[in-house]
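Okay, structure first, notes after.
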Amino acid sequence: MAGIAIKTTDGTRTSLSPEALAALRGGLRGELRLPGEAGYDEARTIWNAMIDRRPAAIVRAVGAGDVIQTVRLAAQHGLLLSIRGGGHNVAGNAVCEGGLMLDLSRMVSVRVDPGARTARVEPGARLADLDKETQVFGLATPVGINSTTGVAGLTLGGGFGWLSRKYGLTVDNLLAADVVTAAGELVHASPIDHPDLFWALRGGGGNFGVVTSFEFRLHPVGPQVIAGLIVHPLSAAKEVLHEYRALVAKAPDELCCWAVMRKAPALPFLPREVHGTEVLVLALCHAGSLEAGMEAAAPFRAIGKPIADVVGPHPFAGWQTAFDPLLTPGERNYWKSHDFVELADGLIDALVTAVRGLPSPQCEIFIGNLGGEINRVPAEATAYPHRNVNYVVNVHTRWSSPSEDTACVGWTRALYEATAPFATGGVYVNFMPEDEAQRIRAGAYGPNYDRLARVKAKYDPKNLFRMNQNVPPAAPAVSAVA
Ligand SMILES: Cc1cc2nc3c(=O)[nH]c(=O)nc-3n(C[C@H](O)[C@H](O)[C@H](O)COP(=O)(O)OP(=O)(O)OC[C@H]3O[C@@H](n4cnc5c(N)ncnc54)[C@H](O)[C@@H]3O)c2cc1C
């Protein structure tokens, strides 16, 4: 085996000798993959097709031992290191150009303890892996709305979905984590062990180490829940959204209703003439009994004159996959997102106007519905600070050809600017594209930023874990001289 040139954290290159590579390859339970080898391209290909980077080497780990060896090698040589969980992050930090990529996507075990109502989850597991295992026991924890998303990245940024108004963020249900630190040591982080690290993991992203196991609290959910879509023409969108915001303000925590504006896909329950026209979709899910769910959904179903209403009992694990066909990997994606306390009239006007000029048929604007239990947690209790937010708007621009890049990115940025006056200034770290480093301090972390930088200095003083929405380590405190 020949040696390789590989990028370092200072932007230069170093070489890994044939002996070093052979030692790594021989020590792994998983695989080392170099360019041209089987599995290399599969590992470096992520959800967002805008990201096309070629690491010098990829470790496809299958256990914590592989992770430790990889982190130690990277630390020893100062290598540029990226970490891949589910590979869904729009910013694409899972893959580095010319460095060492640690691919965790083969670590997919989920072990449920139905008696204790907990689940231990490996970092390559997708939401579907978690939902399918837990739903066998009628249990679930809040995660996102697209089942191919990785549990790891979603959790480390905060994590919210249909169950979050009732049961909080994903991080609010994180009980403990096993973490390989920049020193290559495996530590257990919990409210008792390394509580500073445990605090930082709950929203601070991949800054603090590689999580090899997550332990979550589970709740009784389903297996059948009331869920479904209510579809309106865009011409009614403003009136519908005005009623929507009034209903959301008094909805029970069990009910979560998102509003999505886009061109209608060719769904079988929509009349053919509606396909491809702009629509507003209310998508809702109720985390309680079927009877209570029908009652809570009723006022939302009574808004206006919908084109279609397919709200009813659905298997929860199935509902979790409902949006998968619209969010498949392999397309080009650019996102811009704001947090909101209220849906102001001006915000609704700006969003509806923008939908009339969608730059591609796959684009969508969604209004995610937060609040409830999420907002009963103090902002300083976890690294995720946005505990006053009731709505998160994500402008999800999605297209196929690089020739459309300029138009699509430009449209997204213009809408972001138009809606900024109504926003809190905060942003969900997991919705940030790769060109938003300037929003990390004030936007993503605000009051929690300085504490995160201190925890970073303790666990990763050389910023080995920098392929993320990066929080550089705080400078060592200088003692005052009299
Ligand atoms: C279609 C789609 C729908 C989404 N819907 C939701 C939603 O409903 N709710 C929501 O909250 N979010 C949602 N998201 C955002 C999602 O939470 C982020 O994209 C998240 O980062 C994905 O995690 P991943 O493991 O798949 O990503 P990856 O790209 O693999 O990882 C993202 C980053 O996390 C870090 N990381 C990953 N694994 C580890 C690990 N084990 N240890 C340390 N660091 C690690 C790394 O820094 C990495 O760059 C959605 C994303 C997509 C693409």
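The chains in the structure tokens are called A, B, ... from first to last as shown; in each chain the residues are counted from 1, and the ligands are counted from 1 in the order shown.
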Neighbourhood of ligand 1 at 6 Å, counting only C-alpha atoms and all ligand atoms, reported as an MDAnalysis selection string: chainID A and resid 83:90 92:94 123 144:146 149:154 159:161 205:206 209:212 327 430:431 467:468
Keeping C-alpha atoms for every residue in the selection just given, could you write it to a file as a PDB file, in the first residue's frame?
ATOM      1  CA  ILE A  83     -17.741  13.167  10.945  1.00  0.00           C
ATOM      2  CA  ARG A  84     -20.647  11.615   9.056  1.00  0.00           C
ATOM      3  CA  GLY A  85     -23.756  10.407  10.869  1.00  0.00           C
ATOM      4  CA  GLY A  86     -26.801  10.163   8.602  1.00  0.00           C
ATOM      5  CA  GLY A  87     -25.191  12.479   6.018  1.00  0.00           C
ATOM      6  CA  HIS A  88     -28.242  14.752   5.820  1.00  0.00           C
ATOM      7  CA  ASN A  89     -26.910  18.090   6.966  1.00  0.00           C
ATOM      8  CA  VAL A  90     -27.465  20.698   4.248  1.00  0.00           C
ATOM      9  CA  GLY A  92     -22.285  19.219   4.076  1.00  0.00           C
ATOM     10  CA  ASN A  93     -19.766  19.233   6.916  1.00  0.00           C
ATOM     11  CA  ALA A  94     -19.904  15.439   7.033  1.00  0.00           C
ATOM     12  CA  PRO A 123     -24.719   7.262  15.586  1.00  0.00           C
ATOM     13  CA  GLY A 144     -37.668  15.033  12.877  1.00  0.00           C
ATOM     14  CA  ILE A 145     -40.202  14.704  10.079  1.00  0.00           C
ATOM     15  CA  ASN A 146     -38.101  12.905   7.440  1.00  0.00           C
ATOM     16  CA  THR A 149     -32.390  11.918   8.544  1.00  0.00           C
ATOM     17  CA  GLY A 150     -29.592  10.808  10.876  1.00  0.00           C
ATOM     18  CA  VAL A 151     -30.341  10.589  14.594  1.00  0.00           C
ATOM     19  CA  ALA A 152     -26.831  11.836  15.437  1.00  0.00           C
ATOM     20  CA  GLY A 153     -26.694  15.184  13.696  1.00  0.00           C
ATOM     21  CA  LEU A 154     -30.356  15.914  14.423  1.00  0.00           C
ATOM     22  CA  GLY A 159     -34.036  18.079  17.121  1.00  0.00           C
ATOM     23  CA  PHE A 160     -37.773  18.684  16.768  1.00  0.00           C
ATOM     24  CA  GLY A 161     -40.720  17.106  15.029  1.00  0.00           C
ATOM     25  CA  GLY A 205     -23.459  20.144  17.367  1.00  0.00           C
ATOM     26  CA  GLY A 206     -20.394  18.061  16.573  1.00  0.00           C
ATOM     27  CA  GLY A 209     -16.318  14.867  20.283  1.00  0.00           C
ATOM     28  CA  VAL A 210     -17.706  11.897  18.397  1.00  0.00           C
ATOM     29  CA  VAL A 211     -20.814  10.412  19.968  1.00  0.00           C
ATOM     30  CA  THR A 212     -20.764   6.627  19.677  1.00  0.00           C
ATOM     31  CA  LEU A 327     -37.003  14.882   0.267  1.00  0.00           C
ATOM     32  CA  ASN A 430     -29.292  22.290  11.897  1.00  0.00           C
ATOM     33  CA  PHE A 431     -30.947  24.428   9.239  1.00  0.00           C
ATOM     34  CA  MET A 467     -16.040  20.545  10.315  1.00  0.00           C
ATOM     35  CA  ASN A 468     -19.333  21.732  11.828  1.00  0.00           C
TER      36      ASN A 468
END
Test item, strand (DSSP E or B) assignment across stretch 135-265 of chain A, answer as a PyMOL selection string: chain A and resi 139-140+150+174-180+186-189+210-217+219-220+224-233+255-263
Long-range neighbours of stretch 334-336 of chain A as an NGL selection string, 6 Å cut-off, only C-alpha atoms, 2 positions minimum in chain: :A and (394-397 or 433)
DSSP-assigned helix (DSSP H, G or I) members of stretch 258-452 of chain A, reported as a ChimeraX atom specification: /A:272-274,290-301,316-319,324-326,345-355,372-376,402-422,429-431,437-452
A:Pro233, A:Tyr384, A:Ser213, A:Cys96 ranked by distance to A:Glu273, top pick (using only C-alpha atoms):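 Between A:Pro233, A:Tyr384, A:Ser213, A:Cys96, the residue approaching A:Glu273 most closely is A:Pro233.
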Residues near A:Gly371, cut-off 7 Å, only C-alpha atoms, skip fewer than 2 positions along chain, as number ranges by chain: A: 165, 369, 373-375, 389-390
Next, the residues of the selection above should be written as a short mmCIF file (atom, residue, chain, number, x, y, z; two decimals), in the first residue's frame with N, CA and C atoms.
data_model
loop_
_atom_site.label_atom_id
_atom_site.label_comp_id
_atom_site.auth_asym_id
_atom_site.auth_seq_id
_atom_site.Cartn_x
_atom_site.Cartn_y
_atom_site.Cartn_z
N ARG A 165 -43.91 19.36 20.74
CA ARG A 165 -44.74 20.24 21.58
C ARG A 165 -45.20 19.49 22.84
N ASN A 369 -43.99 24.17 13.56
CA ASN A 369 -44.73 24.60 14.75
C ASN A 369 -44.01 24.08 16.00
N GLU A 373 -44.00 22.08 25.23
CA GLU A 373 -42.99 21.63 26.20
C GLU A 373 -41.59 22.18 25.88
N ILE A 374 -41.30 22.39 24.61
CA ILE A 374 -39.97 22.93 24.24
C ILE A 374 -39.71 24.22 25.01
N ASN A 375 -40.74 25.06 25.09
CA ASN A 375 -40.53 26.40 25.63
C ASN A 375 -40.65 26.46 27.15
N VAL A 389 -39.36 30.40 20.96
CA VAL A 389 -39.76 30.37 19.55
C VAL A 389 -41.02 29.52 19.37
N ASN A 390 -41.97 30.03 18.61
CA ASN A 390 -43.18 29.26 18.31
C ASN A 390 -43.22 28.72 16.89
#
Shell of 7 Å around A:Gly425, only C-alpha atoms, local chain residues under 4 positions omitted, as a CSV table (one decimal) with all heavy atoms, in the first residue's frame:
chain,number,residue,atom,x,y,z
A,338,HIS,N,-35.2,31.3,9.6
A,338,HIS,CA,-35.4,32.2,10.7
A,338,HIS,C,-36.3,31.6,11.8
A,338,HIS,O,-37.2,30.8,11.4
A,338,HIS,CB,-36.2,33.5,10.2
A,338,HIS,CG,-35.4,34.4,9.4
A,338,HIS,ND1,-34.3,35.1,9.8
A,338,HIS,CD2,-35.7,34.9,8.2
A,338,HIS,CE1,-33.9,35.9,8.9
A,338,HIS,NE2,-34.7,35.8,7.9
A,339,ASP,N,-36.1,32.0,13.0
A,339,ASP,CA,-37.1,31.7,14.1
A,339,ASP,C,-38.1,32.9,14.3
A,339,ASP,O,-37.7,34.0,14.1
A,339,ASP,CB,-36.3,31.5,15.4
A,339,ASP,CG,-35.5,30.2,15.5
A,339,ASP,OD1,-35.8,29.3,14.6
A,339,ASP,OD2,-34.7,30.1,16.4
A,443,GLY,N,-26.7,34.2,16.3
A,443,GLY,CA,-27.9,33.6,15.8
A,443,GLY,C,-28.2,32.2,16.4
A,443,GLY,O,-29.2,31.9,16.9
